[in-house]
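Visitor: Structure: input_39.cif, mmCIF, C-alpha atoms.
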data_my_file
loop_
_atom_site.group_PDB
_atom_site.id
_atom_site.type_symbol
_atom_site.label_atom_id
_atom_site.label_comp_id
_atom_site.auth_asym_id
_atom_site.auth_seq_id
_atom_site.Cartn_x
_atom_site.Cartn_y
_atom_site.Cartn_z
ATOM 1 C CA MET A 20 -74.954 -48.375 -77.081
ATOM 2 C CA VAL A 21 -75.564 -47.230 -73.516
ATOM 3 C CA VAL A 22 -79.217 -46.978 -72.444
ATOM 4 C CA GLY A 23 -80.259 -45.197 -69.266
ATOM 5 C CA PHE A 24 -83.560 -45.620 -67.447
ATOM 6 C CA GLY A 25 -84.313 -43.301 -64.545
ATOM 7 C CA LEU A 26 -85.628 -40.002 -63.269
ATOM 8 C CA LEU A 27 -85.087 -36.957 -65.472
ATOM 9 C CA ASN A 28 -84.928 -33.791 -63.419
ATOM 10 C CA LYS A 29 -84.541 -30.072 -64.048
ATOM 11 C CA ASP A 30 -82.170 -28.298 -61.664
ATOM 12 C CA PHE A 31 -82.645 -24.613 -60.820
ATOM 13 C CA VAL A 32 -79.272 -23.641 -59.374
ATOM 14 C CA ALA A 33 -78.276 -20.493 -57.477
ATOM 15 C CA VAL A 34 -74.742 -19.813 -56.252
ATOM 16 C CA VAL A 35 -74.605 -17.902 -52.970
ATOM 17 C CA PRO A 36 -71.594 -16.507 -51.036
ATOM 18 C CA ARG A 37 -72.534 -18.573 -48.003
ATOM 19 C CA TRP A 38 -75.617 -20.596 -47.199
ATOM 20 C CA LYS A 39 -77.308 -20.253 -43.823
ATOM 21 C CA PRO A 40 -80.906 -21.196 -42.982
ATOM 22 C CA ASP A 41 -83.523 -18.517 -42.322
ATOM 23 C CA THR A 42 -81.591 -15.719 -44.032
ATOM 24 C CA LYS A 43 -81.841 -13.659 -47.198
ATOM 25 C CA VAL A 44 -78.892 -13.727 -49.561
ATOM 26 C CA ARG A 45 -78.137 -12.409 -53.024
ATOM 27 C CA ALA A 46 -77.156 -15.041 -55.591
ATOM 28 C CA THR A 47 -73.957 -14.394 -57.535
ATOM 29 C CA ARG A 48 -74.792 -16.851 -60.320
ATOM 30 C CA TYR A 49 -77.884 -18.678 -61.590
ATOM 31 C CA PHE A 50 -78.349 -21.436 -64.163
ATOM 32 C CA GLU A 51 -80.644 -24.304 -65.104
ATOM 33 C CA GLN A 52 -79.467 -27.753 -66.119
ATOM 34 C CA VAL A 53 -80.276 -31.405 -66.693
ATOM 35 C CA GLY A 54 -80.362 -33.242 -63.384
ATOM 36 C CA GLY A 55 -80.950 -36.774 -62.193
ATOM 37 C CA PRO A 56 -78.487 -39.634 -61.605
ATOM 38 C CA VAL A 57 -79.029 -41.416 -64.910
ATOM 39 C CA PRO A 58 -79.263 -38.506 -67.384
ATOM 40 C CA VAL A 59 -76.202 -36.767 -65.907
ATOM 41 C CA ALA A 60 -74.293 -40.049 -66.153
ATOM 42 C CA LEU A 61 -75.350 -40.370 -69.793
ATOM 43 C CA THR A 62 -74.216 -36.841 -70.660
ATOM 44 C CA THR A 63 -70.862 -37.760 -69.121
ATOM 45 C CA VAL A 64 -70.633 -40.883 -71.289
ATOM 46 C CA ALA A 65 -71.518 -38.839 -74.371
ATOM 47 C CA LYS A 66 -68.919 -36.185 -73.566
ATOM 48 C CA LEU A 67 -66.178 -38.795 -73.184
ATOM 49 C CA GLY A 68 -67.101 -40.015 -76.651
ATOM 50 C CA GLY A 69 -67.487 -43.068 -78.832
ATOM 51 C CA LEU A 70 -70.685 -44.549 -77.381
ATOM 52 C CA ALA A 71 -74.255 -43.815 -78.456
ATOM 53 C CA CYS A 72 -76.517 -42.901 -75.516
ATOM 54 C CA VAL A 73 -80.298 -43.084 -75.102
ATOM 55 C CA HIS A 74 -82.344 -42.052 -72.074
ATOM 56 C CA LEU A 75 -85.728 -43.620 -71.278
ATOM 57 C CA GLY A 76 -88.040 -42.135 -68.678
ATOM 58 C CA VAL A 77 -91.317 -40.540 -67.682
ATOM 59 C CA VAL A 78 -91.770 -36.781 -67.491
ATOM 60 C CA GLY A 79 -94.616 -34.336 -67.054
ATOM 61 C CA ASP A 80 -96.442 -32.781 -69.938
ATOM 62 C CA ASP A 81 -94.823 -29.366 -69.577
ATOM 63 C CA ARG A 82 -92.190 -26.974 -70.878
ATOM 64 C CA ASP A 83 -89.530 -28.328 -68.543
ATOM 65 C CA ALA A 84 -89.765 -31.687 -70.313
ATOM 66 C CA ASP A 85 -89.255 -29.945 -73.660
ATOM 67 C CA ASP A 86 -86.236 -28.062 -72.313
ATOM 68 C CA LEU A 87 -84.663 -31.210 -70.887
ATOM 69 C CA ALA A 88 -85.147 -33.251 -74.059
ATOM 70 C CA ARG A 89 -83.566 -30.469 -76.093
ATOM 71 C CA SER A 90 -80.631 -30.116 -73.692
ATOM 72 C CA LEU A 91 -79.979 -33.856 -73.707
ATOM 73 C CA GLU A 92 -79.958 -33.870 -77.510
ATOM 74 C CA GLU A 93 -77.518 -30.946 -77.556
ATOM 75 C CA GLN A 94 -75.219 -32.921 -75.269
ATOM 76 C CA GLY A 95 -75.298 -36.021 -77.461
ATOM 77 C CA VAL A 96 -77.963 -38.045 -75.650
ATOM 78 C CA SER A 97 -81.092 -39.200 -77.469
ATOM 79 C CA SER A 98 -84.245 -39.544 -75.400
ATOM 80 C CA ASP A 99 -87.530 -41.415 -75.517
ATOM 81 C CA LEU A 100 -89.699 -39.740 -72.893
ATOM 82 C CA GLN A 101 -93.242 -40.707 -71.992
ATOM 83 C CA ARG A 102 -95.392 -37.691 -71.134
ATOM 84 C CA ALA A 103 -97.716 -38.079 -68.165
ATOM 85 C CA SER A 104 -100.731 -35.846 -68.636
ATOM 86 C CA GLY A 105 -101.685 -33.683 -65.665
ATOM 87 C CA THR A 106 -98.309 -33.965 -63.944
ATOM 88 C CA VAL A 107 -95.148 -31.884 -63.862
ATOM 89 C CA THR A 108 -91.582 -32.881 -64.572
ATOM 90 C CA SER A 109 -89.364 -33.482 -61.558
ATOM 91 C CA ARG A 110 -87.445 -30.390 -60.527
ATOM 92 C CA SER A 111 -84.954 -29.398 -57.831
ATOM 93 C CA LEU A 112 -83.990 -26.137 -56.187
ATOM 94 C CA VAL A 113 -80.236 -26.169 -55.592
ATOM 95 C CA LEU A 114 -78.204 -23.718 -53.506
ATOM 96 C CA LEU A 115 -74.456 -23.887 -54.082
ATOM 97 C CA ASP A 116 -72.324 -22.475 -51.291
ATOM 98 C CA ALA A 117 -69.449 -20.578 -52.932
ATOM 99 C CA HIS A 118 -67.413 -20.989 -49.751
ATOM 100 C CA ASP A 119 -66.792 -24.717 -50.256
ATOM 101 C CA GLY A 120 -68.827 -25.843 -53.280
ATOM 102 C CA SER A 121 -71.295 -27.787 -51.134
ATOM 103 C CA ARG A 122 -74.910 -27.955 -52.216
ATOM 104 C CA THR A 123 -78.303 -27.945 -50.533
ATOM 105 C CA LEU A 124 -81.012 -29.513 -52.650
ATOM 106 C CA ALA A 125 -84.798 -29.661 -52.407
ATOM 107 C CA ASN A 126 -86.451 -31.984 -54.924
ATOM 108 C CA TYR A 127 -90.090 -31.888 -55.969
ATOM 109 C CA ALA A 128 -91.264 -34.932 -57.865
ATOM 110 C CA GLU A 129 -94.945 -35.744 -58.227
ATOM 111 C CA GLU A 130 -96.020 -39.354 -58.334
ATOM 112 C CA LEU A 131 -95.218 -39.871 -61.974
ATOM 113 C CA PRO A 132 -96.588 -43.126 -63.389
ATOM 114 C CA CYS A 133 -94.335 -46.036 -64.136
ATOM 115 C CA MET A 134 -92.907 -46.478 -67.614
ATOM 116 C CA THR A 135 -95.031 -48.414 -70.090
ATOM 117 C CA PHE A 136 -92.583 -50.378 -72.187
ATOM 118 C CA THR A 137 -93.511 -50.851 -75.831
ATOM 119 C CA PRO A 138 -92.077 -53.442 -78.248
ATOM 120 C CA ALA A 139 -89.874 -50.651 -79.609
ATOM 121 C CA HIS A 140 -88.455 -50.031 -76.119
ATOM 122 C CA ASP A 141 -87.827 -53.744 -75.640
ATOM 123 C CA ASP A 142 -86.050 -53.928 -78.974
ATOM 124 C CA LEU A 143 -83.870 -50.950 -78.014
ATOM 125 C CA LEU A 144 -82.955 -52.564 -74.705
ATOM 126 C CA SER A 145 -82.024 -55.819 -76.422
ATOM 127 C CA GLN A 146 -79.418 -53.863 -78.404
ATOM 128 C CA ALA A 147 -77.849 -52.163 -75.386
ATOM 129 C CA SER A 148 -74.303 -53.088 -74.468
ATOM 130 C CA LEU A 149 -74.844 -51.408 -71.082
ATOM 131 C CA LEU A 150 -77.939 -50.344 -69.131
ATOM 132 C CA HIS A 151 -77.605 -47.756 -66.355
ATOM 133 C CA LEU A 152 -80.337 -47.550 -63.688
ATOM 134 C CA ASP A 153 -81.318 -45.570 -60.611
ATOM 135 C CA GLY A 154 -83.950 -48.093 -59.444
ATOM 136 C CA ARG A 155 -86.631 -45.453 -58.892
ATOM 137 C CA ASP A 156 -89.214 -47.321 -61.004
ATOM 138 C CA LEU A 157 -88.392 -50.757 -59.626
ATOM 139 C CA GLY A 158 -90.722 -52.746 -61.859
ATOM 140 C CA GLY A 159 -89.462 -50.982 -64.953
ATOM 141 C CA ALA A 160 -85.844 -51.356 -63.869
ATOM 142 C CA LEU A 161 -86.261 -55.102 -63.361
ATOM 143 C CA HIS A 162 -87.958 -55.451 -66.746
ATOM 144 C CA ALA A 163 -85.217 -53.493 -68.501
ATOM 145 C CA ALA A 164 -82.382 -55.286 -66.695
ATOM 146 C CA GLN A 165 -83.758 -58.726 -67.473
ATOM 147 C CA LEU A 166 -84.078 -57.866 -71.162
ATOM 148 C CA VAL A 167 -80.546 -56.488 -71.362
ATOM 149 C CA LYS A 168 -79.047 -59.461 -69.524
ATOM 150 C CA ALA A 169 -80.938 -61.939 -71.698
ATOM 151 C CA ALA A 170 -79.499 -60.265 -74.790
ATOM 152 C CA GLY A 171 -75.924 -60.420 -73.443
ATOM 153 C CA GLY A 172 -75.610 -56.825 -72.253
ATOM 154 C CA GLN A 173 -74.444 -55.516 -68.899
ATOM 155 C CA VAL A 174 -76.275 -53.657 -66.122
ATOM 156 C CA SER A 175 -75.072 -50.797 -63.920
ATOM 157 C CA PHE A 176 -76.968 -49.561 -60.844
ATOM 158 C CA ASP A 177 -76.491 -46.241 -59.038
ATOM 159 C CA LEU A 178 -77.702 -47.036 -55.518
ATOM 160 C CA GLY A 179 -77.950 -43.546 -54.116
ATOM 161 C CA THR A 180 -80.718 -44.484 -51.675
ATOM 162 C CA MET A 181 -81.763 -47.946 -50.576
ATOM 163 C CA ARG A 182 -85.521 -48.459 -50.788
ATOM 164 C CA PRO A 183 -87.546 -51.623 -50.149
ATOM 165 C CA GLY A 184 -87.351 -54.076 -53.026
ATOM 166 C CA ARG A 185 -84.240 -52.698 -54.699
ATOM 167 C CA GLU A 186 -82.263 -55.705 -53.504
ATOM 168 C CA ALA A 187 -84.019 -57.639 -56.299
ATOM 169 C CA LEU A 188 -81.792 -55.775 -58.753
ATOM 170 C CA PHE A 189 -78.516 -56.838 -57.119
ATOM 171 C CA PRO A 190 -78.173 -60.278 -58.810
ATOM 172 C CA LEU A 191 -78.735 -58.644 -62.214
ATOM 173 C CA CYS A 192 -75.957 -56.075 -61.746
ATOM 174 C CA ASP A 193 -72.575 -56.267 -63.384
ATOM 175 C CA ILE A 194 -71.772 -52.938 -61.719
ATOM 176 C CA LEU A 195 -73.254 -51.562 -58.494
ATOM 177 C CA LEU A 196 -71.803 -48.405 -57.012
ATOM 178 C CA ALA A 197 -73.524 -47.178 -53.861
ATOM 179 C CA SER A 198 -73.289 -43.901 -51.993
ATOM 180 C CA LYS A 199 -72.429 -44.010 -48.305
ATOM 181 C CA GLY A 200 -76.137 -43.772 -47.535
ATOM 182 C CA GLY A 201 -77.064 -46.385 -50.115
ATOM 183 C CA GLY A 202 -74.539 -48.863 -48.812
ATOM 184 C CA ALA A 203 -75.599 -48.324 -45.203
ATOM 185 C CA GLY A 204 -79.255 -48.663 -46.165
ATOM 186 C CA ALA A 205 -78.624 -51.937 -47.976
ATOM 187 C CA PHE A 206 -76.728 -53.420 -45.026
ATOM 188 C CA PRO A 207 -77.889 -51.687 -41.828
ATOM 189 C CA GLU A 208 -75.967 -54.236 -39.778
ATOM 190 C CA HIS A 209 -72.806 -52.752 -41.319
ATOM 191 C CA THR A 210 -73.772 -49.066 -41.247
ATOM 192 C CA GLY A 211 -70.263 -47.823 -40.468
ATOM 193 C CA ASP A 212 -68.348 -50.442 -42.431
ATOM 194 C CA PRO A 213 -68.329 -49.748 -46.185
ATOM 195 C CA ALA A 214 -65.909 -52.636 -46.792
ATOM 196 C CA ALA A 215 -68.466 -55.050 -45.352
ATOM 197 C CA GLN A 216 -71.123 -53.416 -47.520
ATOM 198 C CA VAL A 217 -69.026 -54.002 -50.632
ATOM 199 C CA ARG A 218 -68.593 -57.653 -49.665
ATOM 200 C CA GLY A 219 -72.345 -57.870 -49.120
ATOM 201 C CA PHE A 220 -73.047 -56.650 -52.645
ATOM 202 C CA LEU A 221 -70.654 -59.240 -54.069
ATOM 203 C CA ALA A 222 -72.338 -61.973 -52.024
ATOM 204 C CA ALA A 223 -75.677 -60.859 -53.509
ATOM 205 C CA GLY A 224 -74.372 -61.542 -57.014
ATOM 206 C CA VAL A 225 -72.903 -58.203 -58.105
ATOM 207 C CA LYS A 226 -69.770 -58.571 -60.253
ATOM 208 C CA VAL A 227 -68.186 -55.160 -59.607
ATOM 209 C CA ALA A 228 -69.216 -53.456 -56.355
ATOM 210 C CA GLY A 229 -68.198 -50.245 -54.697
ATOM 211 C CA VAL A 230 -69.126 -47.618 -52.123
ATOM 212 C CA THR A 231 -68.247 -44.019 -52.914
ATOM 213 C CA LEU A 232 -66.911 -41.944 -50.030
ATOM 214 C CA ALA A 233 -67.430 -38.437 -51.421
ATOM 215 C CA GLU A 234 -64.234 -36.359 -51.316
ATOM 216 C CA LYS A 235 -62.255 -39.215 -49.736
ATOM 217 C CA GLY A 236 -62.451 -41.698 -52.612
ATOM 218 C CA VAL A 237 -64.078 -45.065 -53.271
ATOM 219 C CA LEU A 238 -63.914 -48.643 -52.008
ATOM 220 C CA LEU A 239 -64.098 -51.173 -54.838
ATOM 221 C CA ALA A 240 -64.019 -54.945 -55.226
ATOM 222 C CA THR A 241 -64.815 -57.476 -57.926
ATOM 223 C CA HIS A 242 -65.927 -61.078 -58.117
ATOM 224 C CA GLU A 243 -62.353 -61.997 -59.125
ATOM 225 C CA GLN A 244 -60.718 -59.711 -56.529
ATOM 226 C CA PRO A 245 -63.199 -59.757 -53.645
ATOM 227 C CA GLU A 246 -61.141 -57.872 -51.065
ATOM 228 C CA PRO A 247 -62.205 -54.185 -51.181
ATOM 229 C CA VAL A 248 -59.501 -51.767 -52.283
ATOM 230 C CA PHE A 249 -59.525 -48.101 -51.269
ATOM 231 C CA LEU A 250 -58.788 -45.729 -54.128
ATOM 232 C CA PRO A 251 -58.181 -42.181 -52.876
ATOM 233 C CA ALA A 252 -59.766 -39.231 -54.638
ATOM 234 C CA PHE A 253 -57.630 -36.856 -56.652
ATOM 235 C CA PRO A 254 -56.579 -33.636 -54.917
ATOM 236 C CA ILE A 255 -58.806 -30.766 -55.995
ATOM 237 C CA PRO A 256 -57.441 -27.251 -55.519
ATOM 238 C CA ASN A 257 -60.632 -25.312 -56.179
ATOM 239 C CA VAL A 258 -63.998 -26.989 -55.582
ATOM 240 C CA VAL A 259 -66.865 -24.750 -56.705
ATOM 241 C CA ASP A 260 -69.759 -27.103 -57.543
ATOM 242 C CA THR A 261 -70.322 -30.615 -56.184
ATOM 243 C CA CYS A 262 -73.892 -30.921 -57.506
ATOM 244 C CA GLY A 263 -74.057 -34.057 -59.642
ATOM 245 C CA ALA A 264 -70.500 -35.145 -58.835
ATOM 246 C CA GLY A 265 -71.603 -38.663 -57.953
ATOM 247 C CA ASP A 266 -73.627 -38.930 -61.161
ATOM 248 C CA VAL A 267 -70.561 -37.889 -63.156
ATOM 249 C CA PHE A 268 -68.547 -40.572 -61.354
ATOM 250 C CA HIS A 269 -71.056 -43.215 -62.425
ATOM 251 C CA GLY A 270 -71.073 -42.025 -66.007
ATOM 252 C CA ALA A 271 -67.291 -41.934 -66.274
ATOM 253 C CA PHE A 272 -67.008 -45.369 -64.672
ATOM 254 C CA CYS A 273 -69.571 -46.816 -67.079
ATOM 255 C CA TRP A 274 -67.752 -45.277 -70.041
ATOM 256 C CA ALA A 275 -64.365 -46.564 -68.918
ATOM 257 C CA TYR A 276 -65.655 -50.048 -68.114
ATOM 258 C CA ALA A 277 -67.629 -50.292 -71.362
ATOM 259 C CA THR A 278 -64.570 -49.301 -73.378
ATOM 260 C CA GLY A 279 -62.419 -52.024 -71.828
ATOM 261 C CA MET A 280 -60.737 -50.577 -68.747
ATOM 262 C CA PRO A 281 -60.313 -52.940 -65.773
ATOM 263 C CA PRO A 282 -62.588 -51.985 -62.845
ATOM 264 C CA HIS A 283 -59.949 -50.342 -60.648
ATOM 265 C CA ALA A 284 -58.565 -48.340 -63.564
ATOM 266 C CA ALA A 285 -62.122 -47.347 -64.458
ATOM 267 C CA ALA A 286 -62.687 -46.073 -60.915
ATOM 268 C CA ASN A 287 -59.460 -44.082 -61.060
ATOM 269 C CA PHE A 288 -60.530 -42.585 -64.399
ATOM 270 C CA ALA A 289 -63.951 -41.738 -62.950
ATOM 271 C CA GLN A 290 -62.441 -39.968 -59.951
ATOM 272 C CA ALA A 291 -60.240 -37.903 -62.249
ATOM 273 C CA THR A 292 -63.302 -36.932 -64.279
ATOM 274 C CA VAL A 293 -65.067 -35.778 -61.119
ATOM 275 C CA ALA A 294 -62.016 -33.824 -59.962
ATOM 276 C CA LEU A 295 -62.101 -31.831 -63.189
ATOM 277 C CA ARG A 296 -65.882 -31.422 -63.187
ATOM 278 C CA VAL A 297 -66.232 -29.919 -59.687
ATOM 279 C CA GLN A 298 -63.816 -27.099 -60.495
ATOM 280 C CA HIS A 299 -66.436 -25.565 -62.805
ATOM 281 C CA TYR A 300 -70.060 -24.552 -62.456
ATOM 282 C CA GLY A 301 -72.686 -26.783 -64.047
ATOM 283 C CA ASN A 302 -73.028 -30.347 -65.228
ATOM 284 C CA ARG A 303 -72.629 -29.215 -68.817
ATOM 285 C CA ALA A 304 -69.835 -26.655 -68.874
ATOM 286 C CA GLY A 305 -67.773 -28.561 -66.333
ATOM 287 C CA LEU A 306 -67.671 -31.962 -68.048
ATOM 288 C CA PRO A 307 -64.222 -32.800 -69.436
ATOM 289 C CA ASP A 308 -63.575 -34.823 -72.573
ATOM 290 C CA ARG A 309 -61.489 -37.985 -72.648
ATOM 291 C CA ALA A 310 -58.230 -36.306 -73.661
ATOM 292 C CA THR A 311 -58.483 -33.784 -70.823
ATOM 293 C CA VAL A 312 -59.028 -36.539 -68.266
ATOM 294 C CA GLU A 313 -56.098 -38.564 -69.561
ATOM 295 C CA VAL A 314 -53.768 -35.554 -69.453
ATOM 296 C CA PHE A 315 -54.898 -34.781 -65.915
ATOM 297 C CA ILE A 316 -54.209 -38.351 -64.723
ATOM 298 C CA LYS A 317 -50.731 -38.368 -66.238
ATOM 299 C CA LYS A 318 -49.953 -35.012 -64.656
ATOM 300 C CA VAL A 319 -51.235 -35.785 -61.161
ATOM 301 C CA ARG A 320 -50.499 -39.532 -60.922
ATOM 302 C CA PRO A 321 -47.949 -40.347 -63.613
#
Just give me the structure as structure tokens.

Guide:
Amino acid sequence: MVVGFGLLNKDFVAVVPRWKPDTKVRATRYFEQVGGPVPVALTTVAKLGGLACVHLGVVGDDRDADDLARSLEEQGVSSDLQRASGTVTSRSLVLLDAHDGSRTLANYAEELPCMTFTPAHDDLLSQASLLHLDGRDLGGALHAAQLVKAAGGQVSFDLGTMRPGREALFPLCDILLASKGGGAGAFPEHTGDPAAQVRGFLAAGVKVAGVTLAEKGVLLATHEQPEPVFLPAFPIPNVVDTCGAGDVFHGAFCWAYATGMPPHAAANFAQATVALRVQHYGNRAGLPDRATVEVFIKKVRP
């Protein structure tokens, strides 16, 4: 079972012919979707199949929370959401530029309270084979990670942004994949050197560490193979929607690793999953299943 603990967000997405500031433009497409690093990763795991998924988190006491819980369930992800009275669920306004698939995002998240873990939550975490985190609620993330590790499970961390204190999670991580910004924030002395950042994560106790480089690919290393290896991204002929691409990468990597793939093969599988996803609009409609990813890999890199 894969358990996720992190921010659950509702995305309001508009596709525009071209995005420029201080202009009016007519949207050509509009949709709403589940957003947030952890829940999108979990929907990816569920789509690839074979692993039960549960999302834990705090939401507002509003209709958006109802919509998100229902959408997660429809996509194969169970949820246990704590409602915070008097607050609203995190939401983002997203503009997708149809010219190149790039996205501009504005997030609004009130100061939601931290998760209050019950004995039932602790029992669930003790049964997890893998825990995936975004580190937003640091105290909760540490609590969850320690429980999972004590029970023999593994921990994955999506370090999209480095914030004070998140380094405490590094020694608990079996998998840590950072964005370019996350890696630079963790090791400001190596801002322009992602390979040094990867080595820094390994030195901090991470077993499998990487820095994603957007459309270029990913640098990855392991405790057993500590020299970072660059894995190029798959060629993508028609990028239409990059929103959530990194979250999909994390989910596909977690699925592949949890089902027995070696780390570098898991990263290759994850990049193929992203390449298929970004050719379609939406985190839901664009997610491929396992068979589709495997066919794509054999076709492009036999």

Visitor: Have a look at atom CA of Phe220 of chain A and atom CA of Arg155 of chain A and let me know their distance in Å, one decimal.

Guide: 18.7 Å

Visitor: Take the point (-80.8, -32.0, -54.6) as written in the file and pick out every residue within 12 Å of it, counting only C-alpha atoms; give the list as a count of residues only.

Guide: 30

Visitor: Can you list what the PyMOL selection byres ((chain A and resi 295-301) around 7) grabs from this structure, as JSON, numbers by chain?

Guide: {"A": [257, 258, 259, 260, 261, 264, 291, 292, 293, 294, 302, 303, 304, 305, 306, 307]}

Visitor: At a cut-off of 12 Å around the point (-95.8, -42.3, -56.9) (file coordinates), what residues fall inside when counting only C-alpha atoms? I'd like the answer as a ChimeraX atom specification.

Guide: /A:77,106,109,127-134,155-157

Visitor: Any chance you could work out the residue set of the PyMOL selection byres ((chain A and resi 75) around 8) here, as a PyMOL selection string?

Guide: chain A and resi 22-25+73-74+76-77+98-100

Visitor: Step by step, work through what the PyMOL selection byres ((chain A and resi 186-192) around 9) selects in the shown file, and finish by giving those residues as JSON, numbers by chain.

Guide: {"A": [154, 157, 160, 161, 164, 165, 168, 173, 174, 175, 176, 181, 182, 183, 184, 185, 193, 194, 195, 205, 220, 221, 223, 224, 225, 226, 227]}

Visitor: How far is it from atom CA of Val53 of chain A to atom CA of Phe268 of chain A, in Å with one decimal?

Guide: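 Going from atom CA of Val53 of chain A over to atom CA of Phe268 of chain A covers 15.8 Å.
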
Visitor: Under the rule that only C-alpha atoms are counted, which of A:Ser145, A:Ala271, A:Leu87, A:Leu196 is the nearest residue to Asp308 of chain A?

Guide: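 Selected residue with least distance to Asp308 of chain A: A:Ala271.
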
Visitor: Of the residues A:Pro251, A:Gly79, A:Pro282, A:Gly270, which is the one nearest to Leu67 of chain A, using all atoms listed in the file?

Guide: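 Using all atoms listed in the file, Leu67 of chain A sits closest to A:Gly270.
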